[in-house]
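Below is structure_10.pdb, holding PDB, C-alpha atoms.
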ATOM      1  CA  MET H 281       0.000   0.000   0.000
ATOM      2  CA  ASN H 282       1.371   3.398  -1.001
ATOM      3  CA  VAL H 283       0.429   6.468   1.055
ATOM      4  CA  THR H 284       1.363  10.036   0.108
ATOM      5  CA  LEU H 285       1.662  12.641   2.859
ATOM      6  CA  THR H 286       2.507  16.319   2.600
ATOM      7  CA  PRO H 287       3.983  17.809   5.793
ATOM      8  CA  GLU H 288       2.437  21.135   6.749
ATOM      9  CA  SER H 289       5.366  22.191   8.875
ATOM     10  CA  SER H 290       9.069  21.674   8.435
ATOM     11  CA  GLY H 291      11.591  20.460  10.963
ATOM     12  CA  GLN H 292       9.733  17.405  12.320
ATOM     13  CA  ARG H 293      11.562  14.113  12.604
ATOM     14  CA  ALA H 294      10.384  11.649   9.987
ATOM     15  CA  ASP H 295       9.507   8.881  12.482
ATOM     16  CA  GLN H 296       7.552  11.240  14.730
ATOM     17  CA  TYR H 297       5.567  12.666  11.807
ATOM     18  CA  LEU H 298       4.661   9.234  10.415
ATOM     19  CA  ALA H 299       3.533   7.887  13.785
ATOM     20  CA  ALA H 300       1.323  10.947  14.301
ATOM     21  CA  SER H 301      -0.081  10.978  10.751
ATOM     22  CA  LEU H 302      -0.905   7.346   9.998
ATOM     23  CA  ASP H 303      -3.614   5.739  12.133
ATOM     24  CA  GLY H 304      -2.402   2.745  14.098
ATOM     25  CA  LEU H 305       1.263   3.165  13.154
ATOM     26  CA  THR H 306       3.451   3.187  16.242
ATOM     27  CA  ARG H 307       6.724   5.074  16.333
ATOM     28  CA  SER H 308       8.714   1.835  16.434
ATOM     29  CA  ALA H 309       6.826   0.579  13.360
ATOM     30  CA  ALA H 310       7.507   3.897  11.616
ATOM     31  CA  GLN H 311      11.203   3.573  12.423
ATOM     32  CA  LYS H 312      11.216   0.061  10.975
ATOM     33  CA  LEU H 313       9.687   1.322   7.708
ATOM     34  CA  LEU H 314      12.354   4.031   7.545
ATOM     35  CA  GLU H 315      15.170   1.579   8.278
ATOM     36  CA  GLU H 316      13.919  -0.684   5.486
ATOM     37  CA  GLY H 317      13.871   2.192   2.983
ATOM     38  CA  GLN H 318      10.090   2.218   2.671
ATOM     39  CA  VAL H 319       9.714   5.993   3.101
ATOM     40  CA  LEU H 320      10.728   8.284   0.238
ATOM     41  CA  SER H 321      10.939  12.069  -0.013
ATOM     42  CA  ALA H 322      11.245  13.323  -3.580
ATOM     43  CA  GLY H 323      12.580   9.893  -4.501
ATOM     44  CA  ARG H 324      15.187   9.823  -1.715
ATOM     45  CA  ARG H 325      15.116   7.304   1.123
ATOM     46  CA  LEU H 326      14.630   8.944   4.495
ATOM     47  CA  LYS H 327      16.283   8.004   7.783
ATOM     48  CA  LYS H 328      14.339   8.039  11.036
ATOM     49  CA  ASN H 329      16.052  11.175  12.340
ATOM     50  CA  ASP H 330      15.843  13.134   9.077
ATOM     51  CA  ARG H 331      14.013  16.445   9.375
ATOM     52  CA  LEU H 332      11.125  17.035   6.976
ATOM     53  CA  LYS H 333      10.784  19.937   4.588
ATOM     54  CA  GLU H 334       7.483  21.763   4.376
ATOM     55  CA  GLY H 335       5.379  20.842   1.375
ATOM     56  CA  VAL H 336       7.673  18.091   0.114
ATOM     57  CA  PRO H 337       5.492  14.958  -0.284
ATOM     58  CA  LEU H 338       6.396  11.643   1.315
ATOM     59  CA  THR H 339       5.664   8.257  -0.206
ATOM     60  CA  VAL H 340       5.191   5.522   2.388
ATOM     61  CA  ILE H 341       5.278   1.909   1.202
ATOM     62  CA  ILE H 342       3.490  -0.339   3.699
ATOM     63  CA  PRO H 343       4.216  -4.009   2.883
ATOM     64  CA  ASP H 344       1.699  -6.802   3.262
ATOM     65  CA  PRO H 345       1.981  -8.784   6.519
ATOM     66  CA  THR H 346       4.494 -11.635   6.308
ATOM     67  CA  PRO H 347       2.795 -15.050   6.379
ATOM     68  CA  VAL H 348       3.133 -16.764   9.736
ATOM     69  CA  GLU H 349       5.360 -19.855   9.569
ATOM     70  CA  ILE H 350       5.748 -20.645  13.276
ATOM     71  CA  LEU H 351       4.488 -24.030  14.389
ATOM     72  CA  PRO H 352       1.552 -24.079  16.817
ATOM     73  CA  GLN H 353       2.327 -25.898  20.066
ATOM     74  CA  GLU H 354      -0.092 -27.293  22.615
ATOM     75  CA  ILE H 355       1.107 -25.309  25.623
ATOM     76  CA  PRO H 356      -1.345 -24.596  28.474
ATOM     77  CA  LEU H 357      -2.526 -20.991  28.634
ATOM     78  CA  ASP H 358      -4.138 -19.162  31.543
ATOM     79  CA  VAL H 359      -6.756 -17.244  29.544
ATOM     80  CA  VAL H 360      -8.219 -14.381  31.582
ATOM     81  CA  TYR H 361     -10.396 -12.826  28.845
ATOM     82  CA  GLU H 362     -11.218 -13.783  25.264
ATOM     83  CA  ASP H 363     -13.626 -12.850  22.492
ATOM     84  CA  GLU H 364     -13.537 -12.683  18.681
ATOM     85  CA  ASP H 365     -11.156  -9.692  18.674
ATOM     86  CA  VAL H 366      -8.761  -9.978  21.613
ATOM     87  CA  ILE H 367      -7.322 -12.460  24.056
ATOM     88  CA  VAL H 368      -5.720 -11.645  27.425
ATOM     89  CA  VAL H 369      -3.493 -14.259  29.046
ATOM     90  CA  ASN H 370      -1.705 -14.484  32.378
ATOM     91  CA  LYS H 371       1.873 -15.301  31.304
ATOM     92  CA  PRO H 372       3.963 -17.364  33.715
ATOM     93  CA  VAL H 373       7.525 -16.565  34.713
ATOM     94  CA  GLY H 374      10.045 -18.064  32.314
ATOM     95  CA  MET H 375       7.896 -18.005  29.180
ATOM     96  CA  VAL H 376       9.300 -15.996  26.269
ATOM     97  CA  VAL H 377       6.666 -13.966  24.407
ATOM     98  CA  HIS H 378       7.790 -14.609  20.827
ATOM     99  CA  PRO H 379      10.470 -16.638  19.031
ATOM    100  CA  ALA H 380      13.937 -15.118  19.056
ATOM    101  CA  PRO H 381      17.535 -16.343  18.804
ATOM    102  CA  GLY H 382      17.953 -18.994  21.474
ATOM    103  CA  HIS H 383      14.166 -19.412  21.870
ATOM    104  CA  PRO H 384      12.824 -20.854  18.595
ATOM    105  CA  ASP H 385       9.746 -22.449  20.174
ATOM    106  CA  GLY H 386       7.897 -22.948  23.439
ATOM    107  CA  THR H 387       6.883 -19.290  23.382
ATOM    108  CA  LEU H 388       3.593 -17.561  24.042
ATOM    109  CA  VAL H 389       3.177 -17.076  20.278
ATOM    110  CA  ASN H 390       3.459 -20.823  19.692
ATOM    111  CA  ALA H 391       0.797 -21.372  22.347
ATOM    112  CA  LEU H 392      -1.472 -18.668  20.917
ATOM    113  CA  LEU H 393      -1.249 -20.147  17.418
ATOM    114  CA  TYR H 394      -2.442 -23.494  18.795
ATOM    115  CA  HIS H 395      -5.203 -21.903  20.866
ATOM    116  CA  CYS H 396      -6.432 -19.357  18.295
ATOM    117  CA  GLY H 397      -5.540 -21.056  15.020
ATOM    118  CA  GLN H 398      -4.758 -18.481  12.353
ATOM    119  CA  SER H 399      -7.003 -15.913  14.053
ATOM    120  CA  LEU H 400      -4.180 -13.572  15.025
ATOM    121  CA  SER H 401      -3.215 -10.213  13.563
ATOM    122  CA  GLY H 402      -0.308 -10.131  11.103
ATOM    123  CA  ILE H 403       0.796  -6.533  11.542
ATOM    124  CA  ASN H 404       3.836  -7.370  13.660
ATOM    125  CA  GLY H 405       5.106  -9.808  11.071
ATOM    126  CA  GLN H 406       6.128 -13.414  10.953
ATOM    127  CA  LEU H 407       7.565 -13.846  14.441
ATOM    128  CA  ARG H 408       5.031 -11.833  16.454
ATOM    129  CA  PRO H 409       1.513 -12.586  15.209
ATOM    130  CA  GLY H 410      -1.082 -10.991  17.465
ATOM    131  CA  ILE H 411       1.480  -9.423  19.798
ATOM    132  CA  VAL H 412       0.575  -5.824  20.646
ATOM    133  CA  HIS H 413       2.962  -5.362  23.584
ATOM    134  CA  ARG H 414       5.445  -7.532  25.454
ATOM    135  CA  ILE H 415       6.539  -8.339  28.961
ATOM    136  CA  ASP H 416       9.934  -9.756  29.894
ATOM    137  CA  ARG H 417      10.549 -13.500  30.080
ATOM    138  CA  ASP H 418      10.992 -13.417  33.860
ATOM    139  CA  THR H 419       8.067 -11.062  34.466
ATOM    140  CA  SER H 420       4.675 -12.680  35.000
ATOM    141  CA  GLY H 421       1.199 -11.387  34.366
ATOM    142  CA  LEU H 422      -1.284  -9.990  31.890
ATOM    143  CA  LEU H 423      -0.588  -9.584  28.201
ATOM    144  CA  ILE H 424      -3.103  -8.724  25.492
ATOM    145  CA  ALA H 425      -2.987 -10.067  21.926
ATOM    146  CA  ALA H 426      -5.068  -9.126  18.900
ATOM    147  CA  LYS H 427      -6.975 -11.633  16.787
ATOM    148  CA  ASN H 428      -7.269  -9.406  13.724
ATOM    149  CA  ASP H 429      -5.550  -6.379  12.224
ATOM    150  CA  THR H 430      -8.377  -3.969  13.058
ATOM    151  CA  ALA H 431      -8.143  -4.858  16.746
ATOM    152  CA  HIS H 432      -4.342  -4.639  16.610
ATOM    153  CA  LEU H 433      -4.382  -1.120  15.178
ATOM    154  CA  ALA H 434      -6.928   0.041  17.761
ATOM    155  CA  LEU H 435      -4.920  -1.380  20.675
ATOM    156  CA  ALA H 436      -1.641  -0.019  19.288
ATOM    157  CA  GLN H 437      -3.232   3.438  19.173
ATOM    158  CA  GLN H 438      -4.235   3.088  22.836
ATOM    159  CA  LEU H 439      -0.637   2.262  23.687
ATOM    160  CA  GLN H 440       0.510   5.306  21.773
ATOM    161  CA  ASP H 441      -1.949   7.734  23.406
ATOM    162  CA  HIS H 442      -1.388   6.147  26.864
ATOM    163  CA  SER H 443      -5.040   5.199  27.330
ATOM    164  CA  LEU H 444      -4.269   1.483  27.765
ATOM    165  CA  TYR H 445      -3.904   1.168  31.539
ATOM    166  CA  ARG H 446      -1.259  -1.273  32.815
ATOM    167  CA  ALA H 447      -0.596  -1.739  36.518
ATOM    168  CA  TYR H 448       2.189  -3.930  37.887
ATOM    169  CA  GLU H 449       3.149  -4.998  41.377
ATOM    170  CA  ALA H 450       6.762  -5.408  42.464
ATOM    171  CA  VAL H 451       8.921  -5.899  45.515
ATOM    172  CA  VAL H 452      11.881  -3.524  45.452
ATOM    173  CA  LEU H 453      14.968  -3.224  47.606
ATOM    174  CA  GLY H 454      15.093  -0.611  50.346
ATOM    175  CA  LYS H 455      12.648   1.814  51.881
ATOM    176  CA  LEU H 456      11.012   4.429  49.661
ATOM    177  CA  ARG H 457      10.744   7.735  51.489
ATOM    178  CA  GLN H 458       7.379   8.784  50.103
ATOM    179  CA  GLU H 459       4.102   6.922  49.749
ATOM    180  CA  GLU H 460       3.782   7.585  46.029
ATOM    181  CA  GLY H 461       5.520   9.376  43.211
ATOM    182  CA  THR H 462       6.244   9.654  39.489
ATOM    183  CA  ILE H 463       9.484   8.807  37.719
ATOM    184  CA  SER H 464       9.985  10.632  34.427
ATOM    185  CA  LEU H 465      13.349   9.658  32.968
ATOM    186  CA  PRO H 466      14.127   8.957  29.274
ATOM    187  CA  ILE H 467      15.303   5.433  28.443
ATOM    188  CA  ALA H 468      17.602   4.205  25.675
ATOM    189  CA  ARG H 469      19.723   1.173  24.913
ATOM    190  CA  HIS H 470      22.768   0.952  27.191
ATOM    191  CA  PRO H 471      25.812   2.411  25.373
ATOM    192  CA  THR H 472      28.075  -0.597  26.003
ATOM    193  CA  ASP H 473      25.830  -3.510  27.050
ATOM    194  CA  ARG H 474      23.245  -4.074  24.320
ATOM    195  CA  LYS H 475      21.200  -6.417  26.528
ATOM    196  CA  LYS H 476      20.482  -3.604  28.976
ATOM    197  CA  MET H 477      18.565  -0.352  28.905
ATOM    198  CA  ALA H 478      19.631   2.811  30.712
ATOM    199  CA  VAL H 479      18.500   6.326  31.567
ATOM    200  CA  ASN H 480      19.833   8.599  28.837
ATOM    201  CA  HIS H 481      18.905  12.293  28.689
ATOM    202  CA  LEU H 482      20.468  12.774  25.246
ATOM    203  CA  THR H 483      19.105   9.916  23.138
ATOM    204  CA  GLY H 484      16.486   8.320  25.383
ATOM    205  CA  ARG H 485      12.776   8.180  24.631
ATOM    206  CA  SER H 486      10.333   9.661  27.118
ATOM    207  CA  ALA H 487       9.357   7.195  29.848
ATOM    208  CA  VAL H 488       6.959   7.792  32.750
ATOM    209  CA  THR H 489       6.186   5.434  35.646
ATOM    210  CA  HIS H 490       3.770   6.223  38.492
ATOM    211  CA  TRP H 491       4.362   4.263  41.703
ATOM    212  CA  GLN H 492       2.578   3.786  45.025
ATOM    213  CA  VAL H 493       3.612   1.949  48.192
ATOM    214  CA  LEU H 494       1.382  -1.011  49.069
ATOM    215  CA  ALA H 495       3.317  -2.397  52.056
ATOM    216  CA  ARG H 496       6.631  -1.866  53.840
ATOM    217  CA  TYR H 497       8.975  -4.519  55.212
ATOM    218  CA  ALA H 498      12.462  -4.548  56.742
ATOM    219  CA  GLY H 499      14.691  -3.723  53.790
ATOM    220  CA  TYR H 500      11.997  -4.153  51.127
ATOM    221  CA  THR H 501       8.916  -2.345  49.793
ATOM    222  CA  HIS H 502       5.884  -3.760  47.995
ATOM    223  CA  VAL H 503       4.809  -1.250  45.329
ATOM    224  CA  GLN H 504       2.326  -0.804  42.534
ATOM    225  CA  CYS H 505       3.731   0.684  39.319
ATOM    226  CA  ARG H 506       1.501   2.116  36.604
ATOM    227  CA  LEU H 507       2.982   2.557  33.157
ATOM    228  CA  GLU H 508       2.210   5.727  31.255
ATOM    229  CA  THR H 509       4.663   4.689  28.540
ATOM    230  CA  GLY H 510       5.951   1.242  27.692
ATOM    231  CA  ARG H 511       9.698   1.228  27.134
ATOM    232  CA  THR H 512      11.757  -1.945  27.319
ATOM    233  CA  HIS H 513      12.561  -2.814  30.975
ATOM    234  CA  GLN H 514      10.922   0.486  32.004
ATOM    235  CA  ILE H 515       9.933  -0.369  35.587
ATOM    236  CA  ARG H 516      13.197  -2.199  36.208
ATOM    237  CA  VAL H 517      15.297   0.703  34.902
ATOM    238  CA  HIS H 518      13.280   3.409  36.645
ATOM    239  CA  MET H 519      13.236   1.745  40.049
ATOM    240  CA  ALA H 520      16.967   0.956  39.826
ATOM    241  CA  ALA H 521      17.642   4.597  38.918
ATOM    242  CA  GLN H 522      15.980   5.594  42.194
ATOM    243  CA  GLY H 523      18.243   3.233  44.136
ATOM    244  CA  HIS H 524      15.476   0.658  44.593
ATOM    245  CA  PRO H 525      15.954  -2.139  42.020
ATOM    246  CA  VAL H 526      13.330  -4.847  41.707
ATOM    247  CA  LEU H 527      14.084  -7.803  43.965
ATOM    248  CA  GLY H 528      15.617 -10.690  42.055
ATOM    249  CA  ASP H 529      16.557  -8.614  39.006
ATOM    250  CA  PRO H 530      19.976  -9.908  37.867
ATOM    251  CA  VAL H 531      20.464  -7.148  35.306
ATOM    252  CA  TYR H 532      19.823  -3.998  37.334
ATOM    253  CA  GLY H 533      21.201  -4.878  40.754
ATOM    254  CA  GLY H 534      18.275  -6.490  42.534
ATOM    255  CA  VAL H 535      19.756  -9.910  43.285
ATOM    256  CA  ARG H 536      19.559 -10.892  46.964
ATOM    257  CA  LYS H 537      20.167 -14.247  48.633
ATOM    258  CA  GLY H 538      17.465 -15.759  50.784
ATOM    259  CA  PHE H 539      14.645 -15.857  48.198
ATOM    260  CA  PRO H 540      14.846 -19.327  46.617
ATOM    261  CA  GLU H 541      11.363 -18.981  45.112
ATOM    262  CA  LEU H 542      12.595 -16.306  42.692
ATOM    263  CA  VAL H 543      13.835 -17.295  39.238
ATOM    264  CA  GLY H 544      13.812 -13.710  37.987
ATOM    265  CA  GLN H 545      12.615 -10.312  39.097
ATOM    266  CA  CYS H 546       9.661 -10.038  41.496
ATOM    267  CA  LEU H 547       7.456  -8.181  39.023
ATOM    268  CA  HIS H 548       3.891  -9.056  38.021
ATOM    269  CA  ALA H 549       1.507  -7.385  35.539
ATOM    270  CA  ARG H 550      -1.664  -7.507  37.597
ATOM    271  CA  LYS H 551      -4.250  -5.192  36.001
ATOM    272  CA  LEU H 552      -5.093  -4.188  32.454
ATOM    273  CA  THR H 553      -7.770  -1.779  31.224
ATOM    274  CA  PHE H 554      -8.476  -1.087  27.537
ATOM    275  CA  ARG H 555     -11.209   0.190  25.225
ATOM    276  CA  HIS H 556     -12.644  -2.718  23.317
ATOM    277  CA  PRO H 557     -11.641  -2.289  19.635
ATOM    278  CA  ARG H 558     -15.088  -3.252  18.353
ATOM    279  CA  THR H 559     -17.536  -1.876  20.939
ATOM    280  CA  GLY H 560     -15.547   0.972  22.455
ATOM    281  CA  GLU H 561     -16.537  -0.192  25.919
ATOM    282  CA  GLU H 562     -13.985  -0.181  28.735
ATOM    283  CA  VAL H 563     -12.726  -3.640  29.687
ATOM    284  CA  THR H 564     -10.778  -4.274  32.906
ATOM    285  CA  VAL H 565      -9.081  -7.582  33.680
ATOM    286  CA  THR H 566      -7.058  -8.580  36.726
ATOM    287  CA  CYS H 567      -5.190 -11.656  37.881
ATOM    288  CA  PRO H 568      -3.989 -12.761  41.318
ATOM    289  CA  LEU H 569      -0.420 -12.604  42.510
ATOM    290  CA  PRO H 570       1.352 -15.842  41.567
ATOM    291  CA  SER H 571       2.635 -18.271  44.171
ATOM    292  CA  TYR H 572       6.259 -17.112  43.896
ATOM    293  CA  PHE H 573       5.201 -13.521  44.624
ATOM    294  CA  GLN H 574       3.070 -14.556  47.584
ATOM    295  CA  ALA H 575       6.004 -16.569  48.952
ATOM    296  CA  VAL H 576       8.272 -13.516  48.694
ATOM    297  CA  LEU H 577       5.756 -11.368  50.607
ATOM    298  CA  THR H 578       5.468 -14.039  53.307
ATOM    299  CA  ARG H 579       9.241 -14.217  53.643
ATOM    300  CA  CYS H 580       9.517 -10.403  53.789
ATOM    301  CA  SER H 581       6.866 -10.223  56.520
ATOM    302  CA  ARG H 582       9.030 -12.440  58.740
ATOM    303  CA  LEU H 583      12.089 -10.240  58.444
ATOM    304  CA  VAL H 584      13.033  -7.964  61.335
TER
END

Render the structure in this file as structure tokens.
Amino acid sequence: MNVTLTPESSGQRADQYLAASLDGLTRSAAQKLLEEGQVLSAGRRLKKNDRLKEGVPLTVIIPDPTPVEILPQEIPLDVVYEDEDVIVVNKPVGMVVHPAPGHPDGTLVNALLYHCGQSLSGINGQLRPGIVHRIDRDTSGLLIAAKNDTAHLALAQQLQDHSLYRAYEAVVLGKLRQEEGTISLPIARHPTDRKKMAVNHLTGRSAVTHWQVLARYAGYTHVQCRLETGRTHQIRVHMAAQGHPVLGDPVYGGVRKGFPELVGQCLHARKLTFRHPRTGEEVTVTCPLPSYFQAVLTRCSRLV
């Protein structure tokens, strides 16, 4: 599909303009189109950080979705909500969301393909059918997937305008001084360790996390974190930047002995609220804290 756009003002970054101008196109998807040479200005390929010139038309080539070639696998799913447009699952710790190097199968996508058949959106391409957003392998909790492209675009827009509500619970190290607060620090890929993210005021993308204390223990705090944005490792990076890394997090300094029930960070996506892509009605789903999280809270309550 070819789309022609004419910028009304000059100086905007190409990726920002595309994400704001094309319905359902996220900024990351816009950047991918630019990286693949699918955006032309007067016949010239644009880069994501190129600045636009007023009145110069853009041609955007949007390729057809790549056919899904991943094998369905009969893997049990904890389905919290499902209808003809969306499915919400409670992902366990240790499950990878989509195939990647080192994890060719056994992922949530493999399980969704078995459960839903071919009724998953194709917008995110061959390896991520239906996937609208992700959570880390060692984070548990709610994740929403789209069963068709219309639902995917609607949910992606909610992510972009921050109307898709996502609340997590975590146990972090140390004692937070206040009862609640907001962390607004830009996040980018770590300059030397490509597996990590980091706060970066020069190249980072805006990231906002709202937090609230739920319970206090000796040396630990149980908090709720609400995402306004959804950057990679956002809660883990933001809490570590405040000196309170998530308990059990091996990447950002939260590892502590004495919690054998933890295989990763003590972080759980507990509540999700979205506008239904077909009806427009608000849908809220929740899931209980998993057994590992409950065991951590019990152990913390015994500390003096």

For this session: Go through H:Leu583, H:Arg307, H:Ile403, H:Ser321 one by one, measure the shortest atom-to-atom distance of each to Gly335 of chain H using all atoms listed in the file, and give the residue with the smallest value.
Result: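 Selected residue with least distance to Gly335 of chain H: H:Ser321.
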
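For the choices H:Leu577, H:Val377, H:Val340, H:Ala434, the atom-to-atom distance to Ser301 of chain H is smallest for H:Val340 when using all atoms listed in the file.
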
Exercise. How would you write, as a PyMOL selection string, the residues chosen by the PyMOL selection byres ((chain H and resi 294) around 8) on this structure?
Worked result: chain H and resi 292-293+295-298+326-332

For this session: Evaluate the PyMOL selection byres ((chain H and resi 533) around 12) on the structure here and hand back the selected residues as an MDAnalysis selection string.
Result: chainID H and resid 452:453 476 516:517 519:532 534:536 544:545

Problem set entry | Counting all atoms listed in the file, the option among H:Arg325, H:Ala498, H:Gly560, H:Lys537 closest to Arg582 of chain H |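 Counting all atoms listed in the file, the residue closest to Arg582 of chain H is H:Ala498.
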
Exercise. Pick from H:Arg446, H:Met375, H:Ser581, H:Lys333: nearest to Ala495 of chain H, with all atoms listed in the file counted?
Worked result: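 Once distances to Ala495 of chain H are computed over all atoms listed in the file, the minimum belongs to H:Ser581.
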
Exercise. For Ile341 of chain H, which residue among H:Glu316, H:Ala575, H:Gly454, H:Glu354 is the nearest when counting all atoms listed in the file?
Worked result: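 Using all atoms listed in the file, Ile341 of chain H sits closest to H:Glu316.
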
For this session: Let me know the residues the PyMOL selection byres ((chain H and resi 455-469) around 12) catches in the file above, as a PyMOL selection string.
Result: chain H and resi 451-454+470-525

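Excluding Glu362 of chain H and any residue on its chain fewer than 6 positions from it, the residues at most 12 Å away by only C-alpha atoms are Val368, Val369, Asn370, Leu392, His395, Cys396, Leu423, Ile424, Ala425, Ala426, Lys427, His556, Val563 and Val565 of chain H.
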
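Minimum distance to Ser399 of chain H across H:Leu433, H:Leu422, H:Glu364, H:Asp385 (counting only C-alpha atoms) occurs at H:Glu364.
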
Exercise. How many Å lie between atom CA of Ile411 of chain H and atom CA of Tyr394 of chain H, rounded to one decimal?
Worked result: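 Taking atom CA of Ile411 of chain H as the start and atom CA of Tyr394 of chain H as the end point, the length is 14.6 Å.
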
Exercise. Please, which residues are within 6 Å of (9.0, 6.8, 4.3) by the file's coordinates, counting only C-alpha atoms, and could they come as a PyMOL selection string?
Worked result: chain H and resi 314+318-320+339-340

Exercise. Can you find the residues with an atom no farther than 12 Å from (9.4, -1.4, 14.4), counting only C-alpha atoms, and report them as a list in words?
Worked result: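 So the residues meeting the distance criterion are Asp295, Ala299, Leu305, Thr306, Arg307, Ser308, Ala309, Ala310, Gln311, Lys312, Leu313, Leu314, Glu315, Glu316, Lys328, Ile403, Asn404, Gly405, Arg408, Val412 and His413 of chain H.
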
For this session: Calculate how many Å separate atom CA of Asp418 of chain H from atom CA of Gly402 of chain H, rounding to one decimal.
Result: 25.6 Å

Problem set entry | Atomic distance atom CA of Thr564 of chain H - atom CA of Val576 of chain H, expressed in Å with one decimal | 26.4 Å

Residue rebuild result segment 468-480 of chain H, N, CA, C and O atoms as a PDB file, in the coordinates of the input:
ATOM      1  N   ALA H 468      17.018   4.618  26.947  1.00  0.00           N
ATOM      2  CA  ALA H 468      17.602   4.205  25.675  1.00  0.00           C
ATOM      3  C   ALA H 468      18.406   2.936  25.892  1.00  0.00           C
ATOM      4  O   ALA H 468      18.619   2.507  27.029  1.00  0.00           O
ATOM      5  N   ARG H 469      18.858   2.332  24.807  1.00  0.00           N
ATOM      6  CA  ARG H 469      19.723   1.173  24.913  1.00  0.00           C
ATOM      7  C   ARG H 469      21.023   1.565  25.610  1.00  0.00           C
ATOM      8  O   ARG H 469      21.546   2.650  25.410  1.00  0.00           O
ATOM      9  N   HIS H 470      21.521   0.685  26.471  1.00  0.00           N
ATOM     10  CA  HIS H 470      22.768   0.952  27.191  1.00  0.00           C
ATOM     11  C   HIS H 470      23.902   1.138  26.188  1.00  0.00           C
ATOM     12  O   HIS H 470      23.987   0.396  25.198  1.00  0.00           O
ATOM     13  N   PRO H 471      24.788   2.114  26.375  1.00  0.00           N
ATOM     14  CA  PRO H 471      25.812   2.411  25.373  1.00  0.00           C
ATOM     15  C   PRO H 471      26.833   1.298  25.157  1.00  0.00           C
ATOM     16  O   PRO H 471      27.421   1.207  24.072  1.00  0.00           O
ATOM     17  N   THR H 472      27.059   0.446  26.145  1.00  0.00           N
ATOM     18  CA  THR H 472      28.075  -0.597  26.003  1.00  0.00           C
ATOM     19  C   THR H 472      27.522  -2.012  26.130  1.00  0.00           C
ATOM     20  O   THR H 472      28.070  -2.942  25.557  1.00  0.00           O
ATOM     21  N   ASP H 473      26.443  -2.191  26.868  1.00  0.00           N
ATOM     22  CA  ASP H 473      25.830  -3.510  27.050  1.00  0.00           C
ATOM     23  C   ASP H 473      24.489  -3.519  26.327  1.00  0.00           C
ATOM     24  O   ASP H 473      23.497  -2.984  26.823  1.00  0.00           O
ATOM     25  N   ARG H 474      24.436  -4.140  25.156  1.00  0.00           N
ATOM     26  CA  ARG H 474      23.245  -4.074  24.320  1.00  0.00           C
ATOM     27  C   ARG H 474      22.070  -4.882  24.862  1.00  0.00           C
ATOM     28  O   ARG H 474      20.961  -4.777  24.357  1.00  0.00           O
ATOM     29  N   LYS H 475      22.300  -5.678  25.915  1.00  0.00           N
ATOM     30  CA  LYS H 475      21.200  -6.417  26.528  1.00  0.00           C
ATOM     31  C   LYS H 475      20.488  -5.602  27.599  1.00  0.00           C
ATOM     32  O   LYS H 475      19.471  -6.029  28.128  1.00  0.00           O
ATOM     33  N   LYS H 476      21.040  -4.441  27.918  1.00  0.00           N
ATOM     34  CA  LYS H 476      20.482  -3.604  28.976  1.00  0.00           C
ATOM     35  C   LYS H 476      19.919  -2.305  28.407  1.00  0.00           C
ATOM     36  O   LYS H 476      20.285  -1.868  27.319  1.00  0.00           O
ATOM     37  N   MET H 477      19.038  -1.698  29.177  1.00  0.00           N
ATOM     38  CA  MET H 477      18.565  -0.352  28.905  1.00  0.00           C
ATOM     39  C   MET H 477      19.132   0.561  29.980  1.00  0.00           C
ATOM     40  O   MET H 477      19.626   0.099  31.015  1.00  0.00           O
ATOM     41  N   ALA H 478      19.069   1.870  29.749  1.00  0.00           N
ATOM     42  CA  ALA H 478      19.631   2.811  30.712  1.00  0.00           C
ATOM     43  C   ALA H 478      18.946   4.164  30.564  1.00  0.00           C
ATOM     44  O   ALA H 478      18.401   4.496  29.510  1.00  0.00           O
ATOM     45  N   VAL H 479      18.974   4.943  31.644  1.00  0.00           N
ATOM     46  CA  VAL H 479      18.500   6.326  31.567  1.00  0.00           C
ATOM     47  C   VAL H 479      19.492   7.121  30.732  1.00  0.00           C
ATOM     48  O   VAL H 479      20.705   7.075  30.964  1.00  0.00           O
ATOM     49  N   ASN H 480      18.972   7.821  29.724  1.00  0.00           N
ATOM     50  CA  ASN H 480      19.833   8.599  28.837  1.00  0.00           C
ATOM     51  C   ASN H 480      19.100   9.875  28.445  1.00  0.00           C
ATOM     52  O   ASN H 480      18.107   9.828  27.723  1.00  0.00           O
TER      53      ASN H 480
END
